[in-house]
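K.L.:
One structure coming up, written as structure tokens, with questions to follow.
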Amino acid sequence: MYAGYRQLNSDEVSVLKAQGCWAEDWMHIYVSENFIPYNIVRVNFYGVVRLGCLSGSIALPGGLSISSGIYDTTLFNVSVGDGSLITNVHGYIANYDIGSRTYIADVGKIYMEGVSSFGNGTRINVLNETGGREVAMYEGMSAQTAYFSAMYRYRPRLVSRLAAMADRRASAVASDRGQIGSGVRIENVGMIRNVRIGDNAVVQGCLRLFDGTVASTQNAPVLMGSGIVCSDFIVESGSTVSDGATVTRCYIGQGVVLSKGFSCSDSLFFANSHCENGEAVSVFAGPFTVSHHKSTLLIGSMFSFMNAGSSTNFSNHLYKLGPVHQGIFGRGVKCGSGAYMMLPVRVAPFTTVLGHHYGRIDTAGMPFSYILESSGSSYLVPAANIKSSGLFRDIRKWPERDRRGTADRIDNIVYDAFSPYTASAMLAGKDSLVRMLAEERFSGVPSTYGGCSISATSLTSGAGRYDTALKFYVGMKMAVRLRGKRLLSDEALRAALRPESAVGEGAWVDVAGLIAPKAEIDNLIEEIEREEFSDIDVIEKRLGAIASNYELYEWKWVYDHIQAVYAVSPEKMTRKRLLDILRQWQAAADSLYSGLEKDALKEFGEDVMTGFGLDGSSVEDIHADFRNVRGEFDADAQVEAVRAARSLAADLVRDVKSTL
């Protein structure tokens, strides 16, 4: 007997038979105490079947409400929860536990075959199609732990420990019974085999789902939509896979959208990535990786906060030893329409790539730049993106477009564009540009960096833009730190500046969206290697703690670099010197924000009015048409945001000065 269930009595068997039901053995049908047999019609029972109280009704889209029950279905070794509705199963449901108030209609087959781990433990060959950077995926995997598995191959003990933990997780969930949670809606589906489906999922119009997990939750449901084919997959909460997408050996993190025929294999997609129409193969798509176009191929590469223009394409195969070449793209990289790069390459954070590039490019030390192509050659314009209104827009939009539920977020994300990670690169980049300028003036030989040519004017302007950005970043953090504090003496000022934590000095890294001190990441890795814990959840909690302390650690780095940026030791800071720093910071802020506004103004110039006022007869008609479509420059949302940020900077300066 099963707790809470009883066998059918003779009257109930008679009712079921009268309603066209048949059982291999009526003694193997178990029901809840308040079981009602009248809404079970034309059902065949095989093996052991458990039925809850199938009373009430299921509300469907469009306002329709249908009584709960089981109709025109074959069940084999199945349990069905209270208030569910199952109708028109053309094949059968086998070896599944179905939750309460779940709706299943017009499906082919839903069954378990053998023992499955539901996608957990599956190896994903990212970056290198032939293997070597395999990630063993599991439900609840963060971008950070996946990054460790893929990118730390020079620490084999770490990699083997993580793989072993993932395998234990897979073994723990392995079962010969599938699960469909409560409040699920499954309709017009061809075949579901060895798939575990969480609460409130909508599985609608899918062709095939094989060997996977749909980790839907009540607060963040998953949509598995029309025409999709998925095998060996995990889809986390709040995500959508729809409109003919094809998914093979992929991990799909929280708030991800894959749709409109997008095809992907051996890839990882983390929080809020959004890919349509194109293709991804062996891609590590960190948070906010975006690709919308049919002709775009992402292959053999790692991204985050990335936007791929139409026809973006990479070559990872030189027709010698196979598709083994990788691309490392820092956060915030954009590829313009038709962009092409021959791998291997490494592109610095917040770089815009335009044109075709066939050389070995490595611009890791020059963030916020442009990589351009002219006459078959690659050119670098350092720091050109620092005053880009597009970058300012991106920085504002990413947090606003977080589709994850407010609770139980898996990936650790730091959104800041200016951070110890990028500021360190800007410091090094500035020094490199100054050095190259001196060498070029001495030798007369044009400068190159990472496979790209750099003009002399770009050397000068790039160094200047980096200097402005560094003064803006460090000065802003100082002003925020000091705001509202009583600074009645130089010693009070120095005390206010001193960091509370010793963590944060030295190098910083970007671990797939988490910006953190390298020393903290190394400490965690060493603990894993020493087997100080064996549960992946402990690693995820440690990563979460590092993320939550970001601002604390960041201030330590900023404090240590005040002298490098402003030529004064914080331990010798005076209120008079602070006033000078505030003046320099406000000048840097004004330069930055005026540059952003000037860049935005280009979108309102005569050149972009081409095609407006189509059948008009005057310049006024063109301007009126443009104005009524695009609005006024002064009323543009991005322009207003830039001006608001500039005003806040001025307010911040006044507030700090008032405390002196």
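By convention here, the chains of the structure tokens are called A, B, ... in the order presented, each chain's residues are numbered starting at 1, and ligands are numbered starting at 1 in the order presented.
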Write out as a tab-separated table the residues of region 203-225 of chain A that have any atom within 8 Å of an atom of region 192-196 of chain A, one row each with the nearest atom pair and its distance in Å to one decimal, counting only C-alpha atoms, sorted by chain and then rising number.

P.N.:
```
residue	atom	partner	partner_atom	distance
A:Arg208	CA	A:Ile192	CA	6.0
A:Leu209	CA	A:Ile192	CA	4.8
A:Phe210	CA	A:Arg193	CA	4.8
A:Asp211	CA	A:Asn194	CA	4.7
A:Gly212	CA	A:Val195	CA	4.7
A:Thr213	CA	A:Arg196	CA	4.8
A:Val214	CA	A:Arg196	CA	6.1
A:Ala215	CA	A:Arg196	CA	7.8
```

K.L.:
Tell me, as an MDAnalysis selection string, which residues lie within 10 Å of Ile562 (chain A), counting only C-alpha atoms; anything in the same chain fewer than 3 positions away does not count.

P.N.:
chainID A and resid 470:471 474:475 478 557:559 565:570 573 581

K.L.:
Give me the residues within 9 Å of region 60-66 of chain A as a tab-separated table (two decimals) with all heavy atoms, in the first residue's frame, counting only C-alpha atoms and dropping any in the same chain fewer than 3 places off.

P.N.:
```
chain	number	residue	atom	x	y	z
A	56	GLY	N	-12.88	19.80	-9.11
A	56	GLY	CA	-12.61	21.18	-9.47
A	56	GLY	C	-12.45	21.34	-10.97
A	56	GLY	O	-12.90	20.50	-11.76
A	57	SER	N	-11.79	22.42	-11.38
A	57	SER	CA	-11.63	22.70	-12.80
A	57	SER	C	-10.29	23.39	-13.05
A	57	SER	O	-9.67	23.93	-12.14
A	57	SER	CB	-12.78	23.57	-13.33
A	57	SER	OG	-12.81	24.81	-12.63
A	85	LEU	N	-5.89	17.77	-14.94
A	85	LEU	CA	-6.68	17.42	-16.11
A	85	LEU	C	-5.76	16.86	-17.18
A	85	LEU	O	-4.83	17.54	-17.63
A	85	LEU	CB	-7.42	18.66	-16.64
A	85	LEU	CG	-8.12	18.52	-18.00
A	85	LEU	CD1	-9.17	17.42	-17.97
A	85	LEU	CD2	-8.72	19.86	-18.43
A	103	TYR	N	-2.23	20.52	-16.28
A	103	TYR	CA	-3.05	20.31	-17.47
A	103	TYR	C	-2.20	19.70	-18.57
A	103	TYR	O	-1.17	20.26	-18.97
A	103	TYR	CB	-3.61	21.66	-17.93
A	103	TYR	CG	-4.33	21.64	-19.26
A	103	TYR	CD1	-5.51	20.93	-19.42
A	103	TYR	CD2	-3.85	22.39	-20.34
A	103	TYR	CE1	-6.19	20.95	-20.64
A	103	TYR	CE2	-4.51	22.42	-21.55
A	103	TYR	CZ	-5.68	21.69	-21.70
A	103	TYR	OH	-6.35	21.70	-22.90
```

K.L.:
Excluding same-chain residues fewer than 6 positions from Arg396 (chain A), what lies within 12 Å of it counting only C-alpha atoms, as a list in words?

P.N.:
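The neighbour list is Ser389, Gly390, Asp402, Tyr415, Asp416, Ala417, Ala637, Gln638, Ala641, Val642 and Ala645 of chain A.
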
K.L.:
Could you give me, as a VMD selection string, each residue of region 102-188 of chain A that DSSP assigns to alpha helix (DSSP H) when run on this structure's backbone?

P.N.:
chain A and resid 143 to 151 156 to 173

K.L.:
Near Val324 (chain A), counting only C-alpha atoms, which residues have an atom at most 7 Å away, once you skip same-chain residues fewer than 4 positions from it, shown as a ChimeraX atom specification?

P.N.:
/A:128-130,316-317

K.L.:
Restricting it to C-alpha atoms, dump the selection as a short mmCIF file (atom, residue, chain, number, x, y, z; two decimals), in the first residue's frame.

P.N.:
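Saved the output as part-v1.cif:
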```cif
data_model
loop_
_atom_site.label_atom_id
_atom_site.label_comp_id
_atom_site.auth_asym_id
_atom_site.auth_seq_id
_atom_site.Cartn_x
_atom_site.Cartn_y
_atom_site.Cartn_z
CA ASN A 128 36.99 24.02 -28.46
CA GLU A 129 34.57 21.85 -30.44
CA THR A 130 36.89 18.88 -30.21
CA ASN A 316 37.63 28.59 -35.54
CA HIS A 317 38.88 26.16 -38.18
#
```

K.L.:
For Gly183 (chain A), which residue among A:Asp167, A:Arg441, A:Ser84, A:Val135 is the nearest when counting only C-alpha atoms?

P.N.:
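Result for the nearest residue to Gly183 (chain A): A:Ser84.
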
K.L.:
Between A:Tyr92, A:Trp26, A:Tyr154, A:Tyr473, single out the one closest to Leu582 (chain A), counting only C-alpha atoms.

P.N.:
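Nearest to Leu582 (chain A): A:Tyr473.
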
K.L.:
Might you pull out every residue within 10 Å of region 512-519 of chain A, with only C-alpha atoms counted and same-chain residues fewer than 2 positions away left off, and present them as a PyMOL selection string?

P.N.:
chain A and resi 142-148+270-271+284-288+302-305+330-331+411-416+419-422+503-510+521-525+543-544+546-547+549-551+553-554+557

K.L.:
Identify, on the basis of only C-alpha atoms, every residue whose closest approach to Ala650 (chain A) does not exceed 12 Å; exclude the query and any residue fewer than 6 positions from it along the same chain; express the result as a PyMOL selection string.

P.N.:
chain A and resi 476+479+582-583+585-590+593+643-644+656-657

K.L.:
One decimal, in Å: what's the spacing between CA of Ile395 (chain A) and CA of Tyr251 (chain A)?

P.N.:
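These two atoms are separated by 25.9 Å.
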
K.L.:
Residues of region 340-481 of chain A classed as strand (DSSP E) by DSSP on the backbone are to be reported as a PyMOL selection string.

P.N.:
chain A and resi 340-342+345-347+352-353+356-357+370-374+377-381+447-449+452-454

K.L.:
Restricted to N, CA and C atoms, what would the selected residues look like written as a short mmCIF file (atom, residue, chain, number, x, y, z; two decimals), in the first residue's frame?

P.N.:
```
data_model
loop_
_atom_site.label_atom_id
_atom_site.label_comp_id
_atom_site.auth_asym_id
_atom_site.auth_seq_id
_atom_site.Cartn_x
_atom_site.Cartn_y
_atom_site.Cartn_z
N TYR A 340 33.79 40.21 -38.95
CA TYR A 340 34.39 38.88 -39.05
C TYR A 340 35.75 38.90 -38.37
N MET A 341 36.03 37.84 -37.62
CA MET A 341 37.35 37.69 -37.01
C MET A 341 37.80 36.25 -37.16
N MET A 342 39.04 36.09 -37.55
CA MET A 342 39.63 34.76 -37.61
C MET A 342 40.24 34.45 -36.25
N VAL A 345 41.56 34.98 -31.15
CA VAL A 345 41.66 36.41 -30.86
C VAL A 345 41.34 36.63 -29.38
N ARG A 346 41.78 37.78 -28.89
CA ARG A 346 41.37 38.24 -27.57
C ARG A 346 41.08 39.73 -27.68
N VAL A 347 39.85 40.08 -27.35
CA VAL A 347 39.39 41.45 -27.52
C VAL A 347 39.08 42.05 -26.16
N THR A 352 34.36 47.87 -29.73
CA THR A 352 33.50 47.72 -30.90
C THR A 352 34.35 47.23 -32.07
N VAL A 353 33.89 46.13 -32.69
CA VAL A 353 34.62 45.51 -33.80
C VAL A 353 33.86 45.78 -35.09
N HIS A 356 36.40 43.21 -41.35
CA HIS A 356 36.94 41.85 -41.40
C HIS A 356 38.39 41.86 -40.92
N HIS A 357 38.70 40.88 -40.09
CA HIS A 357 40.04 40.83 -39.48
C HIS A 357 40.58 39.41 -39.57
N TYR A 370 37.98 50.87 -30.37
CA TYR A 370 37.44 50.42 -31.65
C TYR A 370 38.50 49.59 -32.36
N ILE A 371 38.08 48.49 -32.99
CA ILE A 371 38.94 47.76 -33.92
C ILE A 371 38.30 47.90 -35.29
N LEU A 372 38.99 48.58 -36.20
CA LEU A 372 38.47 48.89 -37.52
C LEU A 372 39.28 48.17 -38.59
N GLU A 373 38.66 48.00 -39.75
CA GLU A 373 39.37 47.40 -40.88
C GLU A 373 39.38 48.38 -42.05
N SER A 374 40.55 48.52 -42.66
CA SER A 374 40.68 49.37 -43.84
C SER A 374 41.65 48.72 -44.81
N SER A 377 43.55 45.69 -43.59
CA SER A 377 44.38 45.81 -42.40
C SER A 377 43.53 46.20 -41.20
N SER A 378 44.00 45.82 -40.01
CA SER A 378 43.28 46.10 -38.77
C SER A 378 43.89 47.30 -38.07
N TYR A 379 43.01 48.18 -37.58
CA TYR A 379 43.45 49.39 -36.89
C TYR A 379 42.76 49.47 -35.53
N LEU A 380 43.51 49.92 -34.54
CA LEU A 380 42.98 50.09 -33.19
C LEU A 380 42.87 51.58 -32.88
N VAL A 381 41.70 51.97 -32.38
CA VAL A 381 41.49 53.35 -31.91
C VAL A 381 41.26 53.27 -30.40
N SER A 447 53.22 52.79 -34.91
CA SER A 447 53.00 51.88 -33.79
C SER A 447 52.00 50.79 -34.12
N THR A 448 52.21 49.64 -33.51
CA THR A 448 51.25 48.53 -33.59
C THR A 448 51.02 47.98 -32.20
N TYR A 449 49.85 47.39 -32.03
CA TYR A 449 49.52 46.78 -30.73
C TYR A 449 48.58 45.60 -30.97
N CYS A 452 47.26 45.12 -34.43
CA CYS A 452 46.57 46.27 -35.03
C CYS A 452 47.53 47.46 -35.14
N SER A 453 47.35 48.24 -36.17
CA SER A 453 48.08 49.50 -36.30
C SER A 453 47.37 50.58 -35.52
N ILE A 454 48.15 51.55 -35.00
CA ILE A 454 47.59 52.68 -34.26
C ILE A 454 48.21 53.95 -34.81
#
```
